[in-house]
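Contents: one structure, followed by commentary.
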Amino acid sequence: MHALIQGLILGVLTGGVYALMASGQTLIFGIMKVVNLAQGAFVIASAYLAFTLFTRFGIDPFLAVLITTPLMFCIGAAGQWLFLRPLRRENAAELSLLVTFALALLIEGILSVTYSTTYRSINTGYANKSFEVAGYTVSAVRLYGFLLSIALLGLLYGVLQKTRFGRAIRATVQNPQSAALLGVDATRVQAYGFGLGISTAAASGSIFGLLYPFQSGSHYDLISRLLSVVVLGGLGSIGGAVLAGIAIGVVSSVAAVLWSPTWSEMSFFVVLLLVLLVRPQGMFGRVERGAV
């Protein structure tokens, strides 16, 4: 029982980080109906940026978020404007898969040339620190990462619910034609929305670099996990992505504790398959056009 509860704690803390990563992925799909295959590559690129800021300038990875997040927002908005906006509307959904995959390969190539393919990790003074709570061990890095993820998810929710920009995003997600008739500039919303989705990758990249060793090709495994979380939660549902990220984190950690790390790696896809057999649209997805 002790091992099970320890696994649950680890799963919740890890799942919060996956939830932050997946929230940007599902936000982009909700706005543009684009499956962004480059999201994992942006997470890894952000991990490298946090690594560079820490090793060269001594900036703590959690503070590096203040630099990497606006930077990635600008890169994401510019990337959408340059590579996705010109796509023909009737072929945009299919071509966007190729474009975002090519973008992921471009990012991987740049990282490989710049940093080589050697695994890196961000080793801070508190990397191995932990807390004892009621006899259970809580990793300081995972706890801090979870709290940051929850804070940023709350900020994202506030932006979507309380700001004019957020209302424009939600209107575009729910009915693009009606939103355009009401004066919403869909082109600008898509660019800024894509940038906002990529900015969540920047924040989660710093945390990822603290938790796991990484190299330029790490995005392949990461994007498969993110897609599992997004599909499980329901395409276009940010709340679904958050709950699915935490659920997958818990299942993965418990599987590692009770069985083996091999089952932990497979749990993402086993849970996804079982849920889709019962509910093809995901836990919180809709049969019709999804909404945030």
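Each chain in the structure tokens gets a letter, A, B and so on, in the order shown; residues start at 1 in every chain, and ligands are counted from 1 in the order they appear.
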What lies within 10 Å of Ile107 (chain A) using only C-alpha atoms, ignoring chain neighbours under 5 positions off, as a short mmCIF file (atom, residue, chain, number, x, y, z; two decimals) with N, CA and C atoms, in the first residue's frame?
data_model
loop_
_atom_site.label_atom_id
_atom_site.label_comp_id
_atom_site.auth_asym_id
_atom_site.auth_seq_id
_atom_site.Cartn_x
_atom_site.Cartn_y
_atom_site.Cartn_z
N ALA A 38 4.90 19.45 -33.96
CA ALA A 38 6.14 20.09 -33.51
C ALA A 38 6.11 20.47 -32.04
N ALA A 41 8.94 19.05 -30.07
CA ALA A 41 10.22 19.67 -30.44
C ALA A 41 10.37 21.03 -29.77
N PHE A 42 9.29 21.78 -29.66
CA PHE A 42 9.35 23.07 -28.98
C PHE A 42 9.64 22.89 -27.48
N ILE A 44 11.44 20.44 -26.18
CA ILE A 44 12.87 20.11 -26.08
C ILE A 44 13.72 21.35 -26.35
N ALA A 45 13.34 22.16 -27.33
CA ALA A 45 14.08 23.40 -27.60
C ALA A 45 14.07 24.31 -26.38
N PHE A 101 5.39 18.58 -38.91
CA PHE A 101 6.42 17.54 -38.78
C PHE A 101 7.75 18.03 -39.35
N ALA A 102 7.68 18.73 -40.49
CA ALA A 102 8.90 19.30 -41.07
C ALA A 102 9.50 20.34 -40.13
N SER A 112 20.65 19.66 -32.96
CA SER A 112 21.74 18.69 -33.13
C SER A 112 23.03 19.38 -33.51
N SER A 216 18.36 16.12 -28.73
CA SER A 216 17.56 16.72 -29.81
C SER A 216 16.45 15.79 -30.32
N GLY A 217 16.66 14.48 -30.25
CA GLY A 217 15.65 13.55 -30.74
C GLY A 217 14.63 13.12 -29.71
N HIS A 219 12.10 14.52 -28.76
CA HIS A 219 10.74 14.95 -29.05
C HIS A 219 9.88 13.85 -29.66
#
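Residues of region 45-163 of chain A that DSSP, applied to the backbone, places in strand (DSSP E or B): Arg120, Ser130, Phe131, Glu132, Val133, Tyr136, Thr137, Val138 and Ser139 of chain A.
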Quiz item: Which polymer residues have any atom within 10 Å of an atom of region 178-189 of chain A, counting only C-alpha atoms, with same-chain residues fewer than 4 positions away left out, as a PyMOL selection string?
Solution: chain A and resi 31-32+77+80-81+85+165-174+193-195
Produce a file of the selected residues containing C-alpha atoms, as an mmCIF file, in the first residue's frame.
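Result written to out13.cif:
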data_model
loop_
_atom_site.group_PDB
_atom_site.id
_atom_site.type_symbol
_atom_site.label_atom_id
_atom_site.label_comp_id
_atom_site.auth_asym_id
_atom_site.auth_seq_id
_atom_site.Cartn_x
_atom_site.Cartn_y
_atom_site.Cartn_z
ATOM 1 C CA ILE A 31 -8.397 27.179 -32.741
ATOM 2 C CA MET A 32 -6.990 25.943 -36.039
ATOM 3 C CA ALA A 77 3.130 33.315 -33.771
ATOM 4 C CA GLN A 80 2.104 30.148 -37.824
ATOM 5 C CA TRP A 81 2.189 33.276 -39.975
ATOM 6 C CA ARG A 85 -1.322 30.678 -42.731
ATOM 7 C CA PHE A 165 -8.561 37.952 -26.598
ATOM 8 C CA GLY A 166 -9.748 34.851 -24.766
ATOM 9 C CA ARG A 167 -13.333 35.473 -25.805
ATOM 10 C CA ALA A 168 -12.184 35.847 -29.403
ATOM 11 C CA ILE A 169 -10.366 32.512 -29.159
ATOM 12 C CA ARG A 170 -13.403 30.750 -27.703
ATOM 13 C CA ALA A 171 -15.665 32.250 -30.333
ATOM 14 C CA THR A 172 -13.296 31.120 -33.090
ATOM 15 C CA VAL A 173 -13.179 27.614 -31.636
ATOM 16 C CA GLN A 174 -16.941 27.292 -31.315
ATOM 17 C CA GLY A 193 -3.396 31.370 -30.384
ATOM 18 C CA PHE A 194 -0.641 29.279 -31.948
ATOM 19 C CA GLY A 195 1.916 31.405 -30.134
#
Quiz item: Phe62 (chain A): which residues within 10 Å, counting only C-alpha atoms, same-chain residues fewer than 5 positions away excluded, as an NGL selection string?
Solution: :A and (50 or 54 or 67 or 141 or 144-145 or 148 or 203-204 or 206-207 or 210)
Store the residues of this selection in a file with N, CA and C atoms, as a PDB file, in the first residue's frame.
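Output below, filename again-v7.pdb:
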ATOM      1  N   ALA A  50      16.608  26.673 -21.464  1.00  0.00           N
ATOM      2  CA  ALA A  50      16.735  26.747 -20.009  1.00  0.00           C
ATOM      3  C   ALA A  50      18.096  26.232 -19.564  1.00  0.00           C
ATOM      4  N   PHE A  54      20.928  28.488 -17.659  1.00  0.00           N
ATOM      5  CA  PHE A  54      21.419  28.064 -16.339  1.00  0.00           C
ATOM      6  C   PHE A  54      22.935  27.888 -16.332  1.00  0.00           C
ATOM      7  N   ILE A  67      11.757  34.252 -19.423  1.00  0.00           N
ATOM      8  CA  ILE A  67      12.439  34.605 -20.670  1.00  0.00           C
ATOM      9  C   ILE A  67      11.967  33.737 -21.820  1.00  0.00           C
ATOM     10  N   VAL A 141      11.876  18.979  -7.012  1.00  0.00           N
ATOM     11  CA  VAL A 141      11.756  19.437  -8.395  1.00  0.00           C
ATOM     12  C   VAL A 141      10.368  19.135  -8.940  1.00  0.00           C
ATOM     13  N   TYR A 144       7.822  21.519  -7.249  1.00  0.00           N
ATOM     14  CA  TYR A 144       7.906  22.870  -7.785  1.00  0.00           C
ATOM     15  C   TYR A 144       7.357  22.914  -9.218  1.00  0.00           C
ATOM     16  N   GLY A 145       7.694  21.881 -10.008  1.00  0.00           N
ATOM     17  CA  GLY A 145       7.202  21.829 -11.374  1.00  0.00           C
ATOM     18  C   GLY A 145       5.692  21.707 -11.433  1.00  0.00           C
ATOM     19  N   LEU A 148       4.174  25.117 -10.463  1.00  0.00           N
ATOM     20  CA  LEU A 148       4.303  26.054 -11.575  1.00  0.00           C
ATOM     21  C   LEU A 148       3.316  25.713 -12.687  1.00  0.00           C
ATOM     22  N   ALA A 203       7.254  26.884 -21.100  1.00  0.00           N
ATOM     23  CA  ALA A 203       7.202  26.751 -19.650  1.00  0.00           C
ATOM     24  C   ALA A 203       7.460  25.312 -19.214  1.00  0.00           C
ATOM     25  N   SER A 204       6.823  24.365 -19.897  1.00  0.00           N
ATOM     26  CA  SER A 204       6.991  22.963 -19.515  1.00  0.00           C
ATOM     27  C   SER A 204       8.375  22.437 -19.890  1.00  0.00           C
ATOM     28  N   SER A 206      11.294  23.888 -19.414  1.00  0.00           N
ATOM     29  CA  SER A 206      12.207  24.094 -18.285  1.00  0.00           C
ATOM     30  C   SER A 206      12.023  22.996 -17.241  1.00  0.00           C
ATOM     31  N   ILE A 207      10.770  22.648 -16.981  1.00  0.00           N
ATOM     32  CA  ILE A 207      10.490  21.604 -15.993  1.00  0.00           C
ATOM     33  C   ILE A 207      10.962  20.247 -16.510  1.00  0.00           C
ATOM     34  N   LEU A 210      14.576  19.619 -16.050  1.00  0.00           N
ATOM     35  CA  LEU A 210      14.944  19.316 -14.672  1.00  0.00           C
ATOM     36  C   LEU A 210      14.631  17.877 -14.294  1.00  0.00           C
TER      37      LEU A 210
END
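Taking CA of Ala134 (chain A) and CA of Val242 (chain A) as endpoints, the distance between them is 27.1 Å.
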Quiz item: What is the distance between CA of Gly249 (chain A) and CA of Ala19 (chain A), in Å to one decimal?
Solution: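 Distance reported for this atom pair: 9.1 Å.
Remark: for Leu196 (chain A), the closest of the candidate residues A:Gln6, A:Thr69, A:Ser139, A:Ser116 is A:Thr69 (distances computed over only C-alpha atoms).
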Surrounding residues of Asn36 (chain A) excluding itself and chain neighbours under 6 positions, 12 Å, only C-alpha atoms, as a PDB file with C-alpha atoms, in the first residue's frame:
ATOM      1  CA  MET A  21       2.339  20.514 -22.288  1.00  0.00           C
ATOM      2  CA  ALA A  22      -0.894  19.051 -23.659  1.00  0.00           C
ATOM      3  CA  SER A  23      -2.964  22.172 -22.942  1.00  0.00           C
ATOM      4  CA  GLY A  24      -1.063  24.096 -25.613  1.00  0.00           C
ATOM      5  CA  GLN A  25      -1.396  21.196 -28.026  1.00  0.00           C
ATOM      6  CA  THR A  26      -5.163  21.007 -27.637  1.00  0.00           C
ATOM      7  CA  LEU A  27      -5.530  24.804 -27.684  1.00  0.00           C
ATOM      8  CA  ILE A  28      -3.876  24.902 -31.109  1.00  0.00           C
ATOM      9  CA  PHE A  29      -6.162  22.155 -32.371  1.00  0.00           C
ATOM     10  CA  GLY A  30      -9.231  23.910 -31.001  1.00  0.00           C
ATOM     11  CA  PHE A  42       9.350  23.073 -28.980  1.00  0.00           C
ATOM     12  CA  GLY A  76       5.137  30.370 -32.444  1.00  0.00           C
ATOM     13  CA  GLY A  79       5.869  30.289 -37.390  1.00  0.00           C
ATOM     14  CA  GLN A  80       2.104  30.148 -37.824  1.00  0.00           C
ATOM     15  CA  LEU A  84       0.593  27.564 -41.709  1.00  0.00           C
ATOM     16  CA  ALA A  93      -5.801  19.968 -42.024  1.00  0.00           C
ATOM     17  CA  GLU A  94      -3.802  17.433 -44.042  1.00  0.00           C
ATOM     18  CA  LEU A  95      -0.945  19.704 -45.065  1.00  0.00           C
ATOM     19  CA  SER A  96      -0.500  21.036 -41.537  1.00  0.00           C
ATOM     20  CA  LEU A  97       0.600  17.567 -40.428  1.00  0.00           C
ATOM     21  CA  LEU A  98       3.408  17.635 -42.965  1.00  0.00           C
ATOM     22  CA  VAL A  99       4.337  21.238 -42.214  1.00  0.00           C
ATOM     23  CA  THR A 100       4.480  20.812 -38.441  1.00  0.00           C
ATOM     24  CA  PHE A 101       6.421  17.540 -38.780  1.00  0.00           C
ATOM     25  CA  ALA A 102       8.897  19.301 -41.069  1.00  0.00           C
ATOM     26  CA  LEU A 103       9.126  22.097 -38.499  1.00  0.00           C
ATOM     27  CA  ALA A 104       9.898  19.504 -35.813  1.00  0.00           C
ATOM     28  CA  PHE A 194      -0.641  29.279 -31.948  1.00  0.00           C
ATOM     29  CA  GLY A 195       1.916  31.405 -30.134  1.00  0.00           C
ATOM     30  CA  GLY A 197       0.009  27.163 -27.400  1.00  0.00           C
ATOM     31  CA  ILE A 198       3.747  27.137 -28.073  1.00  0.00           C
ATOM     32  CA  ALA A 201       5.793  24.283 -24.353  1.00  0.00           C
ATOM     33  CA  ILE A 223       5.000  13.955 -28.996  1.00  0.00           C
ATOM     34  CA  SER A 224       3.566  10.428 -28.945  1.00  0.00           C
ATOM     35  CA  LEU A 226       1.272  14.343 -25.797  1.00  0.00           C
ATOM     36  CA  LEU A 227      -0.933  13.123 -28.628  1.00  0.00           C
ATOM     37  CA  VAL A 230      -4.799  15.168 -26.089  1.00  0.00           C
ATOM     38  CA  LEU A 235      -9.553  17.032 -29.114  1.00  0.00           C
TER      39      LEU A 235
END
Exercise. Show which residues sit within 12 Å of Val231 (chain A), as a PyMOL selection string. Count only C-alpha atoms, and ignore same-chain residues fewer than 4 positions away.
Key: chain A and resi 22-23+25-26+29+35+223-227+235-238+240-245+248+268-269+271-273+275-276+279-286+290
Quiz item: Separation of CA of Tyr136 (chain A) and CA of Met1 (chain A), in Å?
Solution: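 Rounded to one decimal, the two atoms are 11.5 Å apart.
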Quiz item: For Leu13 (chain A), which residue out of A:Phe146, A:Leu152, A:Ala202, A:Trp259 is the nearest one, using only C-alpha atoms?
Solution: A:Phe146
